[in-house]
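Asker: As input, take run22.cif (mmCIF, C-alpha atoms):
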data_model
#
loop_
_atom_site.group_PDB
_atom_site.id
_atom_site.type_symbol
_atom_site.label_atom_id
_atom_site.label_comp_id
_atom_site.auth_asym_id
_atom_site.auth_seq_id
_atom_site.Cartn_x
_atom_site.Cartn_y
_atom_site.Cartn_z
ATOM 1 C CA MET A 1 -20.424 17.385 21.886
ATOM 2 C CA ASP A 2 -17.797 16.495 24.475
ATOM 3 C CA ARG A 3 -18.859 17.726 27.909
ATOM 4 C CA TRP A 4 -15.315 18.100 29.177
ATOM 5 C CA THR A 5 -14.387 20.241 26.180
ATOM 6 C CA GLU A 6 -17.456 22.403 26.823
ATOM 7 C CA ILE A 7 -16.491 22.930 30.444
ATOM 8 C CA GLU A 8 -12.812 23.490 29.648
ATOM 9 C CA LEU A 9 -13.772 26.043 27.009
ATOM 10 C CA PHE A 10 -16.107 27.841 29.420
ATOM 11 C CA VAL A 11 -13.361 28.085 32.068
ATOM 12 C CA GLN A 12 -10.969 29.469 29.456
ATOM 13 C CA VAL A 13 -13.574 32.023 28.382
ATOM 14 C CA ALA A 14 -14.116 33.099 31.991
ATOM 15 C CA GLU A 15 -10.363 33.404 32.648
ATOM 16 C CA THR A 16 -9.414 35.185 29.408
ATOM 17 C CA GLY A 17 -12.593 37.204 28.900
ATOM 18 C CA SER A 18 -12.488 36.295 25.230
ATOM 19 C CA LEU A 19 -14.052 33.534 23.173
ATOM 20 C CA SER A 20 -11.376 33.789 20.486
ATOM 21 C CA ARG A 21 -8.501 33.538 22.993
ATOM 22 C CA ALA A 22 -10.209 30.567 24.657
ATOM 23 C CA ALA A 23 -10.621 28.896 21.248
ATOM 24 C CA GLU A 24 -6.949 29.482 20.450
ATOM 25 C CA ALA A 25 -5.861 27.981 23.795
ATOM 26 C CA LEU A 26 -7.813 24.805 23.048
ATOM 27 C CA ASP A 27 -6.872 24.707 19.347
ATOM 28 C CA LEU A 28 -10.484 25.206 18.231
ATOM 29 C CA SER A 29 -11.943 27.406 15.534
ATOM 30 C CA ASN A 30 -14.053 30.353 16.705
ATOM 31 C CA ALA A 31 -17.131 28.720 15.190
ATOM 32 C CA ALA A 32 -16.487 25.435 16.999
ATOM 33 C CA ALA A 33 -15.869 27.267 20.276
ATOM 34 C CA SER A 34 -19.129 29.150 19.891
ATOM 35 C CA ARG A 35 -20.986 25.878 19.253
ATOM 36 C CA HIS A 36 -19.431 24.275 22.369
ATOM 37 C CA LEU A 37 -20.422 27.212 24.549
ATOM 38 C CA SER A 38 -23.963 27.288 23.168
ATOM 39 C CA ALA A 39 -24.292 23.525 23.695
ATOM 40 C CA LEU A 40 -23.200 23.896 27.337
ATOM 41 C CA GLU A 41 -25.724 26.642 28.002
ATOM 42 C CA GLU A 42 -28.479 24.689 26.270
ATOM 43 C CA ARG A 43 -27.692 21.533 28.255
ATOM 44 C CA LEU A 44 -27.664 23.456 31.544
ATOM 45 C CA GLY A 45 -30.733 25.503 30.602
ATOM 46 C CA ALA A 46 -29.071 28.706 31.763
ATOM 47 C CA ARG A 47 -27.254 31.677 30.309
ATOM 48 C CA LEU A 48 -23.635 31.625 31.462
ATOM 49 C CA VAL A 49 -22.063 34.350 29.333
ATOM 50 C CA GLU A 50 -23.386 37.707 28.185
ATOM 51 C CA ARG A 51 -21.914 39.211 25.053
ATOM 52 C CA ASN A 52 -22.136 42.625 23.542
ATOM 53 C CA THR A 53 -20.162 44.440 20.901
ATOM 54 C CA ARG A 54 -17.533 45.656 23.381
ATOM 55 C CA ARG A 55 -16.996 42.862 25.907
ATOM 56 C CA LEU A 56 -17.921 39.451 27.279
ATOM 57 C CA TYR A 57 -18.802 38.819 30.923
ATOM 58 C CA LEU A 58 -20.255 36.075 33.126
ATOM 59 C CA THR A 59 -23.796 36.093 34.444
ATOM 60 C CA ASP A 60 -24.365 35.411 38.132
ATOM 61 C CA THR A 61 -25.173 31.804 37.235
ATOM 62 C CA GLY A 62 -22.060 31.683 35.053
ATOM 63 C CA GLN A 63 -19.907 33.017 37.893
ATOM 64 C CA GLU A 64 -21.179 30.300 40.265
ATOM 65 C CA PHE A 65 -20.694 27.598 37.635
ATOM 66 C CA PHE A 66 -17.190 28.903 36.880
ATOM 67 C CA SER A 67 -16.052 28.629 40.506
ATOM 68 C CA ARG A 68 -17.167 24.996 40.644
ATOM 69 C CA ALA A 69 -16.055 24.000 37.148
ATOM 70 C CA LYS A 70 -12.589 25.458 37.715
ATOM 71 C CA GLY A 71 -12.174 23.331 40.851
ATOM 72 C CA ILE A 72 -13.355 20.201 39.039
ATOM 73 C CA LEU A 73 -10.926 20.745 36.162
ATOM 74 C CA ALA A 74 -8.075 21.318 38.607
ATOM 75 C CA GLU A 75 -8.876 18.026 40.374
ATOM 76 C CA LEU A 76 -9.079 16.209 37.044
ATOM 77 C CA LYS A 77 -5.659 17.532 36.022
ATOM 78 C CA ASP A 78 -4.241 16.491 39.399
ATOM 79 C CA ALA A 79 -5.699 13.009 38.925
ATOM 80 C CA GLU A 80 -4.201 12.745 35.428
ATOM 81 C CA SER A 81 -0.822 13.892 36.737
ATOM 82 C CA ALA A 82 -0.978 11.282 39.492
ATOM 83 C CA VAL A 83 -1.789 8.543 36.990
ATOM 84 C CA ASN A 84 1.032 9.665 34.706
ATOM 85 C CA ALA A 85 3.440 9.698 37.631
ATOM 86 C CA THR A 86 2.350 6.207 38.637
ATOM 87 C CA ALA A 87 2.792 4.968 35.073
ATOM 88 C CA LEU A 88 6.366 6.234 35.123
ATOM 89 C CA ASN A 89 6.997 5.091 38.693
ATOM 90 C CA PRO A 90 4.719 2.111 39.488
ATOM 91 C CA THR A 91 3.861 1.295 43.079
ATOM 92 C CA GLY A 92 2.166 -1.464 45.083
ATOM 93 C CA THR A 93 2.640 -5.194 45.538
ATOM 94 C CA LEU A 94 3.200 -7.281 42.396
ATOM 95 C CA ARG A 95 2.114 -10.894 42.920
ATOM 96 C CA ILE A 96 3.843 -13.368 40.582
ATOM 97 C CA THR A 97 3.477 -17.127 40.377
ATOM 98 C CA ALA A 98 5.586 -19.693 38.541
ATOM 99 C CA SER A 99 6.904 -23.191 39.147
ATOM 100 C CA LEU A 100 9.709 -23.497 41.670
ATOM 101 C CA SER A 101 12.201 -24.320 38.923
ATOM 102 C CA PHE A 102 11.216 -21.366 36.771
ATOM 103 C CA SER A 103 11.143 -19.083 39.817
ATOM 104 C CA LEU A 104 14.668 -20.120 40.799
ATOM 105 C CA HIS A 105 16.232 -20.046 37.345
ATOM 106 C CA HIS A 106 14.364 -17.272 35.522
ATOM 107 C CA VAL A 107 12.387 -15.087 37.937
ATOM 108 C CA ALA A 108 14.666 -14.621 40.946
ATOM 109 C CA PRO A 109 17.670 -13.545 38.797
ATOM 110 C CA LEU A 110 15.568 -10.709 37.301
ATOM 111 C CA LEU A 111 14.231 -9.261 40.533
ATOM 112 C CA ARG A 112 17.297 -7.274 41.514
ATOM 113 C CA GLU A 113 17.312 -5.280 38.282
ATOM 114 C CA TYR A 114 13.523 -4.914 38.199
ATOM 115 C CA THR A 115 13.276 -3.618 41.776
ATOM 116 C CA GLN A 116 16.210 -1.263 41.210
ATOM 117 C CA ARG A 117 14.394 0.147 38.206
ATOM 118 C CA TYR A 118 11.040 0.313 40.025
ATOM 119 C CA PRO A 119 11.906 0.697 43.723
ATOM 120 C CA ASN A 120 8.331 1.435 44.851
ATOM 121 C CA VAL A 121 7.076 -1.994 43.757
ATOM 122 C CA THR A 122 7.119 -4.825 46.299
ATOM 123 C CA VAL A 123 7.400 -8.231 44.603
ATOM 124 C CA HIS A 124 5.709 -11.330 46.037
ATOM 125 C CA VAL A 125 6.666 -14.602 44.331
ATOM 126 C CA GLU A 126 4.347 -17.554 44.880
ATOM 127 C CA ALA A 127 6.325 -20.619 43.757
ATOM 128 C CA ALA A 128 3.885 -23.397 42.919
ATOM 129 C CA ASN A 129 4.149 -26.435 40.650
ATOM 130 C CA ARG A 130 0.387 -26.518 40.240
ATOM 131 C CA TYR A 131 -1.416 -23.838 38.243
ATOM 132 C CA LEU A 132 -2.974 -21.473 40.765
ATOM 133 C CA ASP A 133 -6.250 -19.799 39.882
ATOM 134 C CA ILE A 134 -5.163 -16.291 38.953
ATOM 135 C CA ILE A 135 -8.368 -14.512 39.963
ATOM 136 C CA ASP A 136 -9.068 -16.421 43.193
ATOM 137 C CA ASN A 137 -5.466 -16.044 44.379
ATOM 138 C CA ASN A 138 -5.180 -12.371 43.431
ATOM 139 C CA ILE A 139 -2.263 -13.096 41.093
ATOM 140 C CA ASP A 140 -1.023 -10.276 38.870
ATOM 141 C CA VAL A 141 1.199 -12.329 36.536
ATOM 142 C CA ALA A 142 1.581 -16.102 36.132
ATOM 143 C CA ILE A 143 4.355 -17.722 34.101
ATOM 144 C CA ARG A 144 3.446 -21.222 32.963
ATOM 145 C CA THR A 145 3.815 -23.812 30.263
ATOM 146 C CA ARG A 146 0.387 -24.208 28.770
ATOM 147 C CA GLU A 147 -0.917 -22.786 25.543
ATOM 148 C CA ILE A 148 -4.450 -21.848 26.615
ATOM 149 C CA GLU A 149 -6.193 -20.663 29.770
ATOM 150 C CA PRO A 150 -9.654 -22.056 30.551
ATOM 151 C CA ASP A 151 -10.788 -18.645 31.823
ATOM 152 C CA SER A 152 -11.595 -16.184 29.036
ATOM 153 C CA ASN A 153 -10.830 -13.329 31.446
ATOM 154 C CA ILE A 154 -7.135 -14.239 31.299
ATOM 155 C CA THR A 155 -4.817 -12.754 28.674
ATOM 156 C CA ILE A 156 -1.844 -14.767 27.392
ATOM 157 C CA ARG A 157 1.445 -13.380 26.070
ATOM 158 C CA ARG A 158 3.811 -15.906 24.555
ATOM 159 C CA LEU A 159 7.403 -15.854 25.787
ATOM 160 C CA GLY A 160 8.823 -18.788 23.873
ATOM 161 C CA GLU A 161 9.024 -22.532 23.362
ATOM 162 C CA THR A 162 11.229 -25.151 24.994
ATOM 163 C CA ARG A 163 12.174 -28.740 24.254
ATOM 164 C CA ARG A 164 12.101 -31.426 26.913
ATOM 165 C CA ILE A 165 15.458 -33.135 27.334
ATOM 166 C CA LEU A 166 16.640 -36.532 28.574
ATOM 167 C CA ALA A 167 19.934 -36.117 30.424
ATOM 168 C CA ALA A 168 22.063 -37.608 33.165
ATOM 169 C CA SER A 169 25.440 -36.998 34.762
ATOM 170 C CA PRO A 170 28.710 -38.301 33.237
ATOM 171 C CA ARG A 171 29.094 -40.462 36.345
ATOM 172 C CA TYR A 172 25.753 -42.191 35.705
ATOM 173 C CA PHE A 173 26.663 -42.970 32.096
ATOM 174 C CA ALA A 174 30.104 -44.187 33.140
ATOM 175 C CA GLN A 175 28.418 -46.712 35.429
ATOM 176 C CA HIS A 176 25.398 -47.686 33.336
ATOM 177 C CA GLY A 177 26.280 -46.876 29.727
ATOM 178 C CA PHE A 178 24.389 -44.782 27.175
ATOM 179 C CA PRO A 179 20.966 -45.829 25.917
ATOM 180 C CA LYS A 180 21.379 -46.258 22.163
ATOM 181 C CA THR A 181 17.702 -46.744 21.318
ATOM 182 C CA LEU A 182 14.391 -45.680 22.829
ATOM 183 C CA GLU A 183 13.810 -49.247 23.980
ATOM 184 C CA ASP A 184 17.041 -49.064 25.993
ATOM 185 C CA LEU A 185 15.394 -46.477 28.235
ATOM 186 C CA GLN A 186 13.299 -49.225 29.808
ATOM 187 C CA ARG A 187 16.504 -50.732 31.219
ATOM 188 C CA HIS A 188 17.753 -47.456 32.683
ATOM 189 C CA LYS A 189 16.946 -45.621 35.883
ATOM 190 C CA LEU A 190 14.523 -42.806 35.133
ATOM 191 C CA LEU A 191 13.762 -39.727 37.229
ATOM 192 C CA ILE A 192 10.098 -38.898 36.616
ATOM 193 C CA TYR A 193 8.263 -35.587 37.016
ATOM 194 C CA THR A 194 4.810 -36.542 38.259
ATOM 195 C CA TYR A 195 3.011 -33.376 37.120
ATOM 196 C CA ALA A 196 3.810 -34.062 33.460
ATOM 197 C CA ASN A 197 0.993 -35.316 31.252
ATOM 198 C CA ASN A 198 1.131 -39.136 31.420
ATOM 199 C CA PRO A 199 4.494 -39.063 33.234
ATOM 200 C CA ASN A 200 5.215 -42.781 32.693
ATOM 201 C CA GLU A 201 4.666 -42.538 28.937
ATOM 202 C CA LEU A 202 7.240 -40.820 26.741
ATOM 203 C CA ARG A 203 5.969 -39.932 23.271
ATOM 204 C CA PHE A 204 8.807 -39.350 20.810
ATOM 205 C CA THR A 205 8.901 -38.061 17.239
ATOM 206 C CA ARG A 206 11.723 -37.978 14.665
ATOM 207 C CA ASP A 207 11.462 -37.187 10.966
ATOM 208 C CA GLY A 208 7.804 -38.178 10.856
ATOM 209 C CA GLU A 209 8.362 -41.313 12.915
ATOM 210 C CA THR A 210 6.575 -41.650 16.258
ATOM 211 C CA ALA A 211 7.130 -43.965 19.195
ATOM 212 C CA THR A 212 5.713 -44.270 22.705
ATOM 213 C CA ILE A 213 7.821 -45.793 25.481
ATOM 214 C CA THR A 214 6.493 -46.821 28.890
ATOM 215 C CA VAL A 215 8.972 -46.178 31.681
ATOM 216 C CA LYS A 216 9.112 -46.747 35.424
ATOM 217 C CA GLY A 217 10.874 -44.275 37.630
ATOM 218 C CA LEU A 218 13.562 -44.991 40.169
ATOM 219 C CA LEU A 219 12.609 -41.619 41.648
ATOM 220 C CA GLU A 220 9.408 -39.680 41.158
ATOM 221 C CA SER A 221 8.770 -36.119 42.291
ATOM 222 C CA ASN A 222 6.414 -33.207 41.709
ATOM 223 C CA ASP A 223 9.362 -30.817 41.686
ATOM 224 C CA GLY A 224 11.973 -30.486 38.954
ATOM 225 C CA GLN A 225 14.685 -29.292 41.329
ATOM 226 C CA ILE A 226 14.603 -32.572 43.261
ATOM 227 C CA LEU A 227 14.995 -34.481 40.010
ATOM 228 C CA ARG A 228 17.784 -32.178 38.850
ATOM 229 C CA ALA A 229 19.666 -32.682 42.128
ATOM 230 C CA ALA A 230 19.241 -36.455 41.802
ATOM 231 C CA ALA A 231 20.499 -36.388 38.215
ATOM 232 C CA LEU A 232 23.542 -34.320 39.184
ATOM 233 C CA ASP A 233 24.181 -36.882 41.915
ATOM 234 C CA GLY A 234 24.271 -39.686 39.340
ATOM 235 C CA MET A 235 20.988 -41.346 40.273
ATOM 236 C CA GLY A 236 19.469 -41.598 36.810
ATOM 237 C CA ILE A 237 18.169 -39.988 33.621
ATOM 238 C CA LEU A 238 15.776 -37.080 34.075
ATOM 239 C CA VAL A 239 13.175 -35.764 31.637
ATOM 240 C CA GLN A 240 12.950 -31.998 32.063
ATOM 241 C CA PRO A 241 12.445 -28.841 30.007
ATOM 242 C CA SER A 242 15.573 -27.349 28.509
ATOM 243 C CA TYR A 243 15.086 -24.139 30.525
ATOM 244 C CA ILE A 244 15.903 -26.161 33.678
ATOM 245 C CA VAL A 245 18.906 -28.156 32.444
ATOM 246 C CA TYR A 246 20.372 -25.980 29.654
ATOM 247 C CA ASN A 247 23.153 -24.470 31.780
ATOM 248 C CA ASP A 248 24.002 -27.860 33.305
ATOM 249 C CA ILE A 249 24.374 -29.356 29.834
ATOM 250 C CA VAL A 250 26.460 -26.460 28.514
ATOM 251 C CA ALA A 251 28.712 -26.767 31.586
ATOM 252 C CA GLY A 252 29.010 -30.559 31.168
ATOM 253 C CA ARG A 253 27.365 -31.372 34.495
ATOM 254 C CA LEU A 254 24.624 -33.226 32.610
ATOM 255 C CA VAL A 255 24.837 -34.995 29.256
ATOM 256 C CA PRO A 256 21.808 -35.285 26.927
ATOM 257 C CA VAL A 257 20.883 -38.617 25.321
ATOM 258 C CA LEU A 258 18.779 -39.583 22.305
ATOM 259 C CA ASP A 259 18.761 -35.903 21.378
ATOM 260 C CA ASP A 260 17.769 -36.628 17.783
ATOM 261 C CA TRP A 261 14.304 -37.534 19.125
ATOM 262 C CA ASP A 262 11.740 -34.929 20.204
ATOM 263 C CA LEU A 263 9.346 -35.093 23.124
ATOM 264 C CA PRO A 264 6.272 -32.823 23.039
ATOM 265 C CA ARG A 265 7.459 -29.258 23.423
ATOM 266 C CA LEU A 266 6.200 -26.755 25.963
ATOM 267 C CA THR A 267 5.103 -23.188 25.336
ATOM 268 C CA ILE A 268 6.054 -20.666 28.003
ATOM 269 C CA ASN A 269 3.493 -17.909 28.483
ATOM 270 C CA LEU A 270 2.771 -14.936 30.674
ATOM 271 C CA ALA A 271 -0.837 -15.001 31.885
ATOM 272 C CA TYR A 272 -2.603 -12.107 33.589
ATOM 273 C CA PRO A 273 -6.151 -10.834 34.155
ATOM 274 C CA SER A 274 -7.593 -9.146 31.079
ATOM 275 C CA ARG A 275 -8.098 -5.438 31.616
ATOM 276 C CA LYS A 276 -8.484 -2.534 29.222
ATOM 277 C CA HIS A 277 -5.813 -0.638 31.133
ATOM 278 C CA LEU A 278 -3.122 -2.677 32.865
ATOM 279 C CA SER A 279 -1.703 -1.322 36.084
ATOM 280 C CA ALA A 280 1.795 0.117 35.730
ATOM 281 C CA LYS A 281 3.345 -2.579 37.931
ATOM 282 C CA VAL A 282 1.909 -5.365 35.736
ATOM 283 C CA ARG A 283 2.699 -3.667 32.441
ATOM 284 C CA THR A 284 6.283 -2.880 33.402
ATOM 285 C CA PHE A 285 6.958 -6.423 34.644
ATOM 286 C CA ILE A 286 5.458 -8.070 31.554
ATOM 287 C CA ASP A 287 7.500 -5.857 29.232
ATOM 288 C CA PHE A 288 10.614 -6.366 31.364
ATOM 289 C CA VAL A 289 10.383 -10.172 31.219
ATOM 290 C CA ALA A 290 9.513 -10.281 27.515
ATOM 291 C CA ASP A 291 12.416 -7.969 26.689
ATOM 292 C CA HIS A 292 14.788 -10.131 28.764
ATOM 293 C CA PHE A 293 13.682 -13.318 26.961
ATOM 294 C CA GLU A 294 14.233 -11.687 23.590
ATOM 295 C CA LYS A 295 17.681 -10.334 24.490
ATOM 296 C CA GLN A 296 18.800 -13.700 25.880
ATOM 297 C CA ASP A 297 17.512 -15.506 22.766
ATOM 298 C CA TYR A 298 16.066 -18.188 25.024
ATOM 299 C CA GLU A 299 13.760 -19.813 22.475
ATOM 300 C CA ARG A 300 16.626 -20.536 20.082
ATOM 301 C CA LYS A 301 18.728 -21.933 22.923
ATOM 302 C CA TRP A 302 15.944 -24.001 24.432
ATOM 303 C CA THR A 303 14.695 -25.522 21.167
ATOM 304 C CA GLY A 304 18.126 -26.338 19.743
ATOM 305 C CA ARG A 305 19.773 -29.748 19.752
ATOM 306 C CA PHE A 306 22.859 -30.593 21.760
ATOM 307 C CA GLY A 307 23.936 -33.507 19.573
ATOM 308 C CA VAL A 308 23.355 -37.225 19.114
ATOM 309 C CA TYR A 309 24.783 -39.506 21.807
#
What is this structure when it is put down as structure tokens?
Answerer:
Amino acid sequence: MDRWTEIELFVQVAETGSLSRAAEALDLSNAAASRHLSALEERLGARLVERNTRRLYLTDTGQEFFSRAKGILAELKDAESAVNATALNPTGTLRITASLSFSLHHVAPLLREYTQRYPNVTVHVEAANRYLDIIDNNIDVAIRTREIEPDSNITIRRLGETRRILAASPRYFAQHGFPKTLEDLQRHKLLIYTYANNPNELRFTRDGETATITVKGLLESNDGQILRAAALDGMGILVQPSYIVYNDIVAGRLVPVLDDWDLPRLTINLAYPSRKHLSAKVRTFIDFVADHFEKQDYERKWTGRFGVY
């Protein structure tokens, strides 16, 4: 039988002076309450309650056990109340990591609302274009574009998928013309992200057709924001995820090319240490971000086509 139920029943018996009233308070039958009390006495090897036809009273041992058990139950209820309060009002430092581009475009804009909703949480954002080890770096939540984590102690929650887009400024195309075919890319100025898999090889697919193009960059960088700034300045054609350039394309600052072709897509995930019970700060942030992605319909936007140029 459940030890906590036994103790809780005993305290109720001591306070009400009645087994039936104690059973009613705990939503137990009289028979079940009697079994719980007998099991407690048998486990302790001591008589706690004396019963006769007229009344029920505690033995000396029962009185001593009651004074201690009542204090323990009160502390347990206080602890549960504190946990419930924390769940409703999380506290502590929340350590997040994401690439600089994702941090700028899709983490920083959320922080004002999140911290207003949960003012006792301090947010630390570690912007890094390399995947930091979550455990070694004491990271609570990582946002990154890979489908699996090598550490089985990490849980993944999918946020969405994004295409990778080739785009440049109208000024660049006015000066250098549009590439009409994949082979034309080799004659254009490319802005290359060095942390991509095989950054100088672009693997395209279209209607079952595949093609691999080798390119050489005019500018190479390990940060997407440098490449975006260069593209906006008319330096060349960048290759970046749609979540970085979507707003620029919608606003006409960048123009996509060869959009009927697909580069390998990226999956955006939340990654966090696997625990049976997530802390309130982690759980609230994960739910907050996932809800925001769903409301903004990002996956549809970021996997759609802009047109053929």
Asker: Do you know which residues the PyMOL selection byres ((chain A and resi 159-161) around 8) returns on this file, as a list of chain:residue names?
Answerer: A:Arg157, A:Arg158, A:Thr162, A:Arg163, A:Arg265, A:Leu266, A:Thr267, A:Ile268, A:Asn269, A:Leu270, A:Ala290, A:Phe293, A:Tyr298, A:Glu299, A:Trp302, A:Thr303
Asker: Determine, counting only C-alpha atoms, which protein, DNA and RNA residues have an atom within 12 Å of an atom of Ala31 (chain A); residues of the same chain fewer than 6 positions away are not included. Present the result as a list in words.
Answerer: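 The neighbour list is Leu19, Ser20, Ala22, Ala23, Glu24, Leu37 and Ser38 of chain A.
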Asker: To test the calculation: enclose all listed atoms of region 190-198 of chain A in a box whose edges run along x, y and z, add 8 Å on each side, then state centre and edge lengths in Å to one decimal, as AutoDock Vina command-line options.
Answerer:
--center_x 7.8 --center_y -38.1 --center_z 34.8 --size_x 29.5 --size_y 25.4 --size_z 23.0
Asker: Could you tell me which of A:Ala211, A:Arg47, A:Met235, A:Ala142 comes closest to His188 (chain A) if we count all atoms listed in the file?
Answerer: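 The shortest atom-to-atom distance to His188 (chain A) comes from A:Met235.
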Asker: Quick one: distance from CA of Thr115 (chain A) to CA of Asp140 (chain A) in Å, one decimal?
Answerer: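 According to the coordinates, CA of Thr115 (chain A) and CA of Asp140 (chain A) are separated by 16.0 Å.
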Asker: From the set A:Lys180, A:Arg164, A:Arg275, A:Arg305, which residue has the shortest atom-to-atom contact distance to Ser242 (chain A), counting all atoms listed in the file?
Answerer: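 So, comparing all the options, the nearest one is A:Arg164.
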Asker: Identify all residues satisfying the PyMOL selection byres ((chain A and resi 96) around 8) in the given file; provide them as JSON, numbers by chain.
Answerer: {"A": [94, 95, 97, 98, 123, 124, 125, 126, 139, 140, 141, 142, 143]}
Asker: Put those residues in a file: C-alpha atoms, as a PDB file, keeping the file's coordinate frame.
Answerer:
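Writing the result to selection.pdb gives the following:
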ATOM      1  CA  LEU A  94       3.200  -7.281  42.396  1.00  0.00           C
ATOM      2  CA  ARG A  95       2.114 -10.894  42.920  1.00  0.00           C
ATOM      3  CA  THR A  97       3.477 -17.127  40.377  1.00  0.00           C
ATOM      4  CA  ALA A  98       5.586 -19.693  38.541  1.00  0.00           C
ATOM      5  CA  VAL A 123       7.400  -8.231  44.603  1.00  0.00           C
ATOM      6  CA  HIS A 124       5.709 -11.330  46.037  1.00  0.00           C
ATOM      7  CA  VAL A 125       6.666 -14.602  44.331  1.00  0.00           C
ATOM      8  CA  GLU A 126       4.347 -17.554  44.880  1.00  0.00           C
ATOM      9  CA  ILE A 139      -2.263 -13.096  41.093  1.00  0.00           C
ATOM     10  CA  ASP A 140      -1.023 -10.276  38.870  1.00  0.00           C
ATOM     11  CA  VAL A 141       1.199 -12.329  36.536  1.00  0.00           C
ATOM     12  CA  ALA A 142       1.581 -16.102  36.132  1.00  0.00           C
ATOM     13  CA  ILE A 143       4.355 -17.722  34.101  1.00  0.00           C
TER      14      ILE A 143
END
Asker: Provide the CA of Leu278 (chain A) to CA of Ile154 (chain A) distance in Å, to one decimal place.
Answerer: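 Distance reported for this atom pair: 12.3 Å.
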Asker: Nearest to Gly304 (chain A) among A:Pro199, A:Arg171, A:Tyr243, A:Phe102, with distances taken over all atoms listed in the file: which residue is it?
Answerer: A:Tyr243
